[in-house]
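Colleague: If it helps, the file is called run.txt and holds compact mmCIF, C-alpha atoms:
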```
# COMPACT_ATOMS: atom_id res chain seq x y z
CA MET A 1 -79.39 38.73 12.98
CA ARG A 2 -79.41 34.99 12.40
CA ASP A 3 -78.78 32.91 15.56
CA ILE A 4 -77.14 29.75 14.22
CA LEU A 5 -76.86 28.08 17.63
CA ALA A 6 -80.56 28.54 18.39
CA GLU A 7 -81.46 27.07 15.00
CA ILE A 8 -79.27 24.01 15.58
CA VAL A 9 -80.63 23.40 19.09
CA ALA A 10 -84.23 23.65 17.91
CA GLU A 11 -83.57 21.07 15.23
CA LYS A 12 -81.58 18.89 17.65
CA LYS A 13 -84.63 18.48 19.88
CA LEU A 14 -86.49 16.89 16.98
CA THR A 15 -83.51 14.68 16.10
CA VAL A 16 -83.18 13.38 19.66
CA ALA A 17 -86.90 12.71 19.93
CA ALA A 18 -86.74 10.61 16.76
CA ALA A 19 -83.64 8.75 17.99
CA LYS A 20 -85.37 7.81 21.24
CA ILE A 21 -88.15 6.15 19.25
CA SER A 22 -85.74 4.41 16.88
CA LYS A 23 -83.52 3.08 19.69
CA PRO A 24 -84.92 3.49 23.21
CA LEU A 25 -82.57 4.39 26.05
CA GLU A 26 -83.21 1.08 27.79
CA GLN A 27 -81.85 -0.79 24.77
CA ILE A 28 -78.71 1.36 24.67
CA GLN A 29 -78.13 0.87 28.40
CA ARG A 30 -78.32 -2.91 28.03
CA GLU A 31 -75.71 -2.95 25.27
CA LEU A 32 -73.04 -0.42 26.24
CA GLN A 33 -69.76 -0.97 28.06
CA ILE A 34 -68.43 1.46 30.66
CA GLY A 35 -65.45 3.54 29.54
CA LYS A 36 -62.05 4.01 31.15
CA PHE A 37 -61.74 7.82 31.29
CA ARG A 38 -59.33 7.76 28.35
CA MET A 39 -59.45 11.52 27.77
CA ALA A 40 -58.08 12.17 31.25
CA GLN A 41 -55.33 9.62 30.64
CA ALA A 42 -54.32 11.13 27.30
CA ILE A 43 -54.45 14.81 28.21
CA SER A 44 -52.52 14.31 31.46
CA LYS A 45 -49.51 12.77 29.69
CA GLY A 46 -47.84 16.03 28.73
CA ALA A 47 -47.81 19.79 29.26
CA TRP A 48 -49.51 20.46 25.91
CA SER A 49 -52.20 18.58 24.01
CA LEU A 50 -53.77 18.87 20.59
CA ILE A 51 -57.33 17.69 20.17
CA ALA A 52 -57.58 17.42 16.39
CA GLU A 53 -61.01 17.74 14.86
CA CYS A 54 -62.25 15.72 11.90
CA LYS A 55 -64.24 18.62 10.48
CA LEU A 56 -65.52 18.72 6.91
CA GLN A 57 -67.98 21.61 7.07
CA SER A 58 -69.04 24.64 9.08
CA PRO A 59 -72.57 26.12 9.18
CA ALA A 60 -71.05 29.57 8.69
CA LYS A 61 -68.35 28.83 6.09
CA GLY A 62 -69.68 25.80 4.23
CA ARG A 63 -67.41 23.01 3.04
CA LEU A 64 -63.91 23.22 4.53
CA ASN A 65 -62.28 20.13 3.07
CA GLN A 66 -63.06 18.37 -0.22
CA THR A 67 -60.03 16.08 -0.38
CA HIS A 68 -60.22 13.88 2.72
CA SER A 69 -62.83 11.76 4.46
CA VAL A 70 -63.37 11.88 8.22
CA ILE A 71 -61.57 8.54 8.54
CA GLU A 72 -58.59 9.74 6.49
CA LEU A 73 -58.28 12.86 8.63
CA ALA A 74 -58.41 10.76 11.79
CA LYS A 75 -55.55 8.56 10.60
CA ILE A 76 -53.41 11.58 9.63
CA TYR A 77 -53.96 13.16 13.03
CA GLU A 78 -53.12 9.96 14.88
CA GLN A 79 -49.90 9.53 12.89
CA ASN A 80 -48.76 13.10 13.53
CA GLY A 81 -49.00 13.64 17.25
CA ALA A 82 -52.60 14.47 18.17
CA ALA A 83 -53.41 13.48 21.76
CA MET A 84 -57.08 13.01 21.02
CA LEU A 85 -59.63 13.38 18.23
CA SER A 86 -62.87 15.35 18.05
CA VAL A 87 -65.41 13.83 15.68
CA HIS A 88 -68.63 15.57 14.70
CA THR A 89 -71.93 13.74 14.75
CA ASP A 90 -74.09 16.76 13.89
CA LYS A 91 -75.27 17.04 10.28
CA HIS A 92 -74.57 20.79 10.09
CA PHE A 93 -70.87 19.80 10.14
CA LEU A 94 -71.44 16.80 7.83
CA GLY A 95 -71.10 14.61 10.90
CA ASN A 96 -72.97 11.41 11.70
CA ASN A 97 -72.83 8.45 14.06
CA GLU A 98 -71.78 6.10 11.27
CA ASP A 99 -68.55 7.99 10.57
CA PHE A 100 -67.85 8.16 14.30
CA ILE A 101 -68.12 4.37 14.56
CA LYS A 102 -65.78 3.97 11.57
CA VAL A 103 -63.19 6.26 13.17
CA ARG A 104 -63.45 4.29 16.43
CA ALA A 105 -62.65 1.13 14.48
CA GLU A 106 -59.63 2.66 12.71
CA VAL A 107 -57.78 4.65 15.40
CA ASP A 108 -56.77 4.04 18.99
CA LEU A 109 -56.79 7.64 20.24
CA PRO A 110 -59.50 8.79 22.67
CA LEU A 111 -62.52 10.25 20.86
CA LEU A 112 -64.64 13.25 21.78
CA ARG A 113 -68.17 13.22 20.41
CA LYS A 114 -68.64 16.76 19.07
CA ASP A 115 -72.34 17.56 19.09
CA PHE A 116 -74.95 19.72 20.76
CA ILE A 117 -75.88 17.71 23.86
CA ILE A 118 -79.32 18.72 25.16
CA ASP A 119 -80.53 15.38 26.55
CA GLU A 120 -78.83 12.70 28.64
CA TYR A 121 -79.91 10.19 25.99
CA GLN A 122 -77.16 11.61 23.76
CA ILE A 123 -74.53 10.86 26.41
CA TYR A 124 -75.52 7.20 26.55
CA GLU A 125 -75.63 7.17 22.76
CA ALA A 126 -72.13 8.67 22.65
CA ARG A 127 -70.74 5.91 24.83
CA ALA A 128 -72.56 3.28 22.78
CA ILE A 129 -70.81 4.41 19.57
CA GLY A 130 -67.41 4.43 21.26
CA ALA A 131 -66.95 7.96 22.60
CA ASP A 132 -64.52 8.55 25.44
CA ALA A 133 -65.78 12.09 26.05
CA VAL A 134 -68.57 14.49 25.18
CA LEU A 135 -68.82 18.22 24.74
CA LEU A 136 -71.20 19.99 27.13
CA ILE A 137 -71.98 23.56 26.08
CA VAL A 138 -72.86 25.78 29.04
CA ARG A 139 -74.83 28.20 26.86
CA ILE A 140 -77.45 25.60 25.89
CA LEU A 141 -77.86 23.94 29.31
CA THR A 142 -79.23 25.04 32.67
CA PRO A 143 -76.80 24.76 35.61
CA THR A 144 -78.91 21.84 36.88
CA GLU A 145 -78.70 20.07 33.52
CA LEU A 146 -74.96 20.65 33.38
CA GLN A 147 -74.44 19.05 36.80
CA LYS A 148 -76.70 16.13 35.93
CA PHE A 149 -75.08 15.50 32.54
CA LEU A 150 -71.63 15.61 34.12
CA SER A 151 -72.69 12.93 36.60
CA VAL A 152 -74.07 10.74 33.82
CA THR A 153 -70.84 11.16 31.87
CA TRP A 154 -68.71 10.09 34.82
CA ASP A 155 -71.02 7.15 35.61
CA LEU A 156 -70.32 5.91 32.07
CA GLY A 157 -66.54 6.13 32.48
CA MET A 158 -66.29 9.16 30.22
CA ASN A 159 -64.92 12.68 30.51
CA ALA A 160 -66.62 15.91 29.52
CA LEU A 161 -65.19 19.04 27.97
CA ILE A 162 -67.27 21.92 29.33
CA GLU A 163 -67.48 24.63 26.71
CA ILE A 164 -67.73 28.25 27.82
CA HIS A 165 -67.73 31.47 25.85
CA ASP A 166 -67.69 34.28 28.41
CA GLU A 167 -67.11 34.96 32.09
CA GLN A 168 -70.72 34.20 32.99
CA ASP A 169 -70.39 30.76 31.37
CA LEU A 170 -67.07 30.31 33.15
CA LYS A 171 -68.64 30.92 36.56
CA ILE A 172 -71.29 28.27 35.88
CA ALA A 173 -68.66 25.81 34.68
CA GLN A 174 -66.41 26.41 37.68
CA ASP A 175 -69.32 25.85 40.05
CA THR A 176 -69.07 22.21 38.98
CA ALA A 177 -66.26 19.73 39.59
CA ALA A 178 -65.47 19.57 35.87
CA LYS A 179 -61.80 18.94 35.17
CA PHE A 180 -61.78 20.05 31.52
CA ILE A 181 -62.94 23.49 30.45
CA GLY A 182 -62.88 24.63 26.85
CA ILE A 183 -62.87 28.35 26.05
CA ASN A 184 -64.74 28.71 22.79
CA ASN A 185 -63.31 31.39 20.53
CA ARG A 186 -66.40 31.26 18.32
CA ASN A 187 -69.26 33.71 18.64
CA LEU A 188 -72.11 31.28 19.25
CA LYS A 189 -74.60 33.36 17.29
CA THR A 190 -72.59 34.36 14.23
CA PHE A 191 -69.93 31.59 14.39
CA THR A 192 -67.09 34.07 13.73
CA THR A 193 -63.86 33.29 15.62
CA SER A 194 -60.98 35.04 17.38
CA ILE A 195 -58.47 33.66 19.89
CA ASP A 196 -58.74 37.03 21.65
CA ASN A 197 -61.64 35.46 23.53
CA THR A 198 -59.31 32.98 25.23
CA LEU A 199 -56.71 35.69 25.88
CA GLU A 200 -59.36 37.80 27.63
CA ILE A 201 -60.98 35.05 29.69
CA PHE A 202 -57.90 33.03 30.67
CA PRO A 203 -56.80 35.31 33.56
CA HIS A 204 -60.10 34.48 35.29
CA VAL A 205 -59.94 30.68 35.05
CA ASP A 206 -59.22 28.29 37.90
CA LYS A 207 -55.73 27.10 37.00
CA SER A 208 -56.33 23.75 38.71
CA ARG A 209 -58.56 22.84 35.75
CA VAL A 210 -57.32 21.72 32.35
CA ILE A 211 -57.98 24.63 29.99
CA ILE A 212 -58.41 24.00 26.26
CA SER A 213 -58.74 26.82 23.72
CA GLU A 214 -61.27 25.88 21.05
CA SER A 215 -61.63 27.16 17.48
CA GLY A 216 -60.01 30.01 15.59
CA VAL A 217 -56.47 28.60 15.92
CA MET A 218 -55.19 29.05 12.39
CA ASN A 219 -51.39 29.18 12.57
CA ILE A 220 -48.38 28.50 14.77
CA SER A 221 -48.42 32.10 16.01
CA ASP A 222 -51.87 31.50 17.50
CA VAL A 223 -50.64 28.26 19.05
CA LYS A 224 -47.65 29.95 20.69
CA LYS A 225 -49.76 32.78 22.10
CA LEU A 226 -52.13 30.31 23.73
CA ARG A 227 -49.35 28.15 25.09
CA GLU A 228 -47.46 31.15 26.46
CA ILE A 229 -50.43 32.37 28.54
CA GLY A 230 -50.76 28.91 30.11
CA CYS A 231 -53.40 27.02 28.14
CA ASP A 232 -53.03 23.24 28.45
CA GLY A 233 -54.06 22.55 24.88
CA ILE A 234 -56.12 23.42 21.83
CA LEU A 235 -59.01 21.93 19.89
CA VAL A 236 -58.52 22.66 16.19
CA GLY A 237 -60.58 21.81 13.13
CA GLU A 238 -60.45 24.38 10.34
CA GLY A 239 -56.84 25.32 11.06
CA LEU A 240 -55.86 21.73 10.26
CA VAL A 241 -58.25 20.62 7.53
CA ARG A 242 -57.56 23.70 5.39
CA ALA A 243 -53.78 23.37 5.69
CA GLU A 244 -51.77 22.66 2.55
CA ASN A 245 -50.12 19.76 4.37
CA ILE A 246 -52.43 18.48 7.09
CA GLY A 247 -49.88 16.08 8.57
CA GLU A 248 -47.17 18.73 8.92
CA GLN A 249 -49.65 21.23 10.39
CA THR A 250 -50.76 18.61 12.90
CA LYS A 251 -47.15 17.98 13.98
CA LEU A 252 -46.58 21.72 14.31
CA PHE A 253 -49.69 22.33 16.41
CA ALA A 254 -49.14 19.21 18.53
CA GLY A 255 -45.63 20.33 19.36
CA GLY A 256 -46.77 23.79 20.33
```
Spell out the structure here as structure tokens.
Modeller:
Amino acid sequence: MRDILAEIVAEKKLTVAAAKISKPLEQIQRELQIGKFRMAQAISKGAWSLIAECKLQSPAKGRLNQTHSVIELAKIYEQNGAAMLSVHTDKHFLGNNEDFIKVRAEVDLPLLRKDFIIDEYQIYEARAIGADAVLLIVRILTPTELQKFLSVTWDLGMNALIEIHDEQDLKIAQDTAAKFIGINNRNLKTFTTSIDNTLEIFPHVDKSRVIISESGVMNISDVKKLREIGCDGILVGEGLVRAENIGEQTKLFAGG
């Protein structure tokens, strides 16, 4: 069976190696400004938060939205109640750093850099392009790397959303001091989704953390189920970009 995550990570190693040559870490460090932990500020404002994802494509499903640009999606989300935006910079999702920078210039919401972080270079790069947070996927990092990357993130004034998929991942995540844990409803090999994954794992989470359910949230029924069990928020891409009225769907999901 095809392992999409493994394929992406293998390619990401080559991409990062090339980026380090094109723009060395020392140059990035000289230029960047320390952040202000804006994710923590935004997510702590209310009992429920929507992280809306500017997602044009999925490796498993192909093109998801043909009618809007990443920047247009970002503006719609900001105008309709999203607490924060997730913006892809990985090419498998039609993401890139250039679009991220454009979104940063157009909206004031905190931004999560959605990518496959395998090297601390990418964290510095994320801050340099205006990210307020990064996604750290437990499945592709060693526990030592996870701890180290978290420390780098905090040193840069950023937050991290620690993505887990099963109870083993959860244990590793909860061995850190991470505040934000995202339960991924996507099978990381096949990229199929079901919110049942959050429903099964949630009873085992440390409720002192902020728990975000990621992916597979397609309708208001899904939203209500996740809110009722005690999730603090959701990260949604496909469920918004494929909606007939993206603005109205954003309002609905943001309101819970």
Colleague: List the spatial neighbours of Leu136 (chain A) as a ChimeraX atom specification - criterion: any atom at most 7 Å away, all atoms listed in the file, same-chain residues fewer than 2 positions off excluded.
Modeller: /A:117,134,138,160-163
Colleague: Write out as a tab-separated table (two decimals) with C-alpha atoms, in the frame of the given file the residues lying within 10 Å of Arg38 (chain A), counting only C-alpha atoms and excluding same-chain residues fewer than 3 positions away.
Modeller:
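Output saved as selection-v7.tsv:
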```tsv
chain	number	residue	atom	x	y	z
A	35	GLY	CA	-65.45	3.54	29.54
A	41	GLN	CA	-55.33	9.62	30.64
A	42	ALA	CA	-54.32	11.13	27.30
A	43	ILE	CA	-54.45	14.81	28.21
A	44	SER	CA	-52.52	14.31	31.46
A	84	MET	CA	-57.08	13.01	21.02
A	109	LEU	CA	-56.79	7.64	20.24
A	110	PRO	CA	-59.50	8.79	22.67
A	111	LEU	CA	-62.52	10.25	20.86
A	131	ALA	CA	-66.95	7.96	22.60
A	132	ASP	CA	-64.52	8.55	25.44
A	133	ALA	CA	-65.78	12.09	26.05
A	157	GLY	CA	-66.54	6.13	32.48
A	158	MET	CA	-66.29	9.16	30.22
A	159	ASN	CA	-64.92	12.68	30.51
```
Colleague: Please identify all polymer residues within 8 Å of region 196-202 of chain A, counting only C-alpha atoms, omitting same-chain residues fewer than 2 positions from it, and present them as a PyMOL selection string.
Modeller: chain A and resi 165-167+183-185+194+204-205+213+226+229+231
Colleague: Mind checking which residues fall within 12 Å of Ala17 (chain A), counting all atoms listed in the file, ignoring those fewer than 4 positions away in the same chain, and posting them as a list in words?
Modeller: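 Residues meeting the cut-off are Ala10, Glu11, Lys12, Lys13, Ile21, Ser22, Lys23, Pro24, Leu25, Ile118, Asp119, Glu120, Tyr121 and Gln122 of chain A.
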Colleague: Report, in Å with one decimal, the straight-line distance from CA of Leu240 (chain A) to CA of Tyr77 (chain A).
Modeller: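 Going from CA of Leu240 (chain A) over to CA of Tyr77 (chain A), I get 9.2 Å.
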Colleague: Quick one: residues within 8 Å of Val87 (chain A), only C-alpha atoms counted, chain neighbours fewer than 2 positions away excluded, as a PDB file with C-alpha atoms, in the coordinates of the input?
Modeller:
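Dumped everything to around-v4.pdb:
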```pdb
ATOM      1  CA  GLU A  53     -61.010  17.740  14.860  1.00  0.00           C
ATOM      2  CA  CYS A  54     -62.250  15.720  11.900  1.00  0.00           C
ATOM      3  CA  LYS A  55     -64.240  18.620  10.480  1.00  0.00           C
ATOM      4  CA  VAL A  70     -63.370  11.880   8.220  1.00  0.00           C
ATOM      5  CA  LEU A  85     -59.630  13.380  18.230  1.00  0.00           C
ATOM      6  CA  THR A  89     -71.930  13.740  14.750  1.00  0.00           C
ATOM      7  CA  GLY A  95     -71.100  14.610  10.900  1.00  0.00           C
ATOM      8  CA  PHE A 100     -67.850   8.160  14.300  1.00  0.00           C
ATOM      9  CA  LEU A 111     -62.520  10.250  20.860  1.00  0.00           C
ATOM     10  CA  LEU A 112     -64.640  13.250  21.780  1.00  0.00           C
ATOM     11  CA  ARG A 113     -68.170  13.220  20.410  1.00  0.00           C
ATOM     12  CA  LYS A 114     -68.640  16.760  19.070  1.00  0.00           C
TER      13      LYS A 114
END
```
Colleague: Any idea what the distance is between CA of Lys251 (chain A) and CA of His68 (chain A)?
Modeller: 17.7 Å
Colleague: Please write as a list in words the list of polymer residues whose atoms come within 6 Å of (-74.5, 5.3, 17.4), counting all atoms listed in the file and keeping to the coordinates of the file.
Modeller: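 Result, sorted by chain then residue number: Asn97, Glu125 and Ile129 of chain A.
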Colleague: If I take CA of Arg104 (chain A) and CA of Gly130 (chain A), how far is one from the other in Å, to one decimal?
Modeller: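 For CA of Arg104 (chain A) relative to CA of Gly130 (chain A), the distance reads 6.2 Å.
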Colleague: From (-48.6, 19.1, 14.2), in the file's coordinates, out to 10 Å: which residues are reached, counting all atoms listed in the file? Answer as a list of chain:residue names.
Modeller: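 So the residues meeting the distance criterion are A:Leu50, A:Ala52, A:Tyr77, A:Gln79, A:Asn80, A:Gly81, A:Ala82, A:Ile220, A:Leu240, A:Asn245, A:Ile246, A:Gly247, A:Glu248, A:Gln249, A:Thr250, A:Lys251, A:Leu252, A:Phe253, A:Ala254, A:Gly255, A:Gly256.
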Colleague: Looking at A:Lys207, A:Asp108, A:Val217, A:Asp99, which one is nearest to Ala83 (chain A), with distances taken over all atoms listed in the file?
Modeller: A:Asp108
Colleague: Go through A:Asp232, A:Asp155, A:Ser69, A:Phe180 and flag the residue nearest Gln29 (chain A), using all atoms listed in the file for the distances.
Modeller: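 Among the listed residues, A:Asp155 lies closest to Gln29 (chain A).
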Colleague: For Glu26 (chain A), which of A:Asp169, A:Arg139, A:Phe116, A:Tyr124 is the closest residue, counting all atoms listed in the file?
Modeller: A:Tyr124
Colleague: Of the candidates A:Gly233, A:Gly239, A:Gly46, A:Gly216, which one gets nearest to Ile181 (chain A) if we count all atoms listed in the file?
Modeller: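 Looking at the shortest contact to Ile181 (chain A), the residue is A:Gly233.
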Colleague: When you count all atoms listed in the file, which of these residues is closest to Val9 (chain A): A:Ile123, A:Met39, A:Ile140, A:Ile51?
Modeller: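 Ranked by minimum distance to Val9 (chain A), first place goes to A:Ile140.
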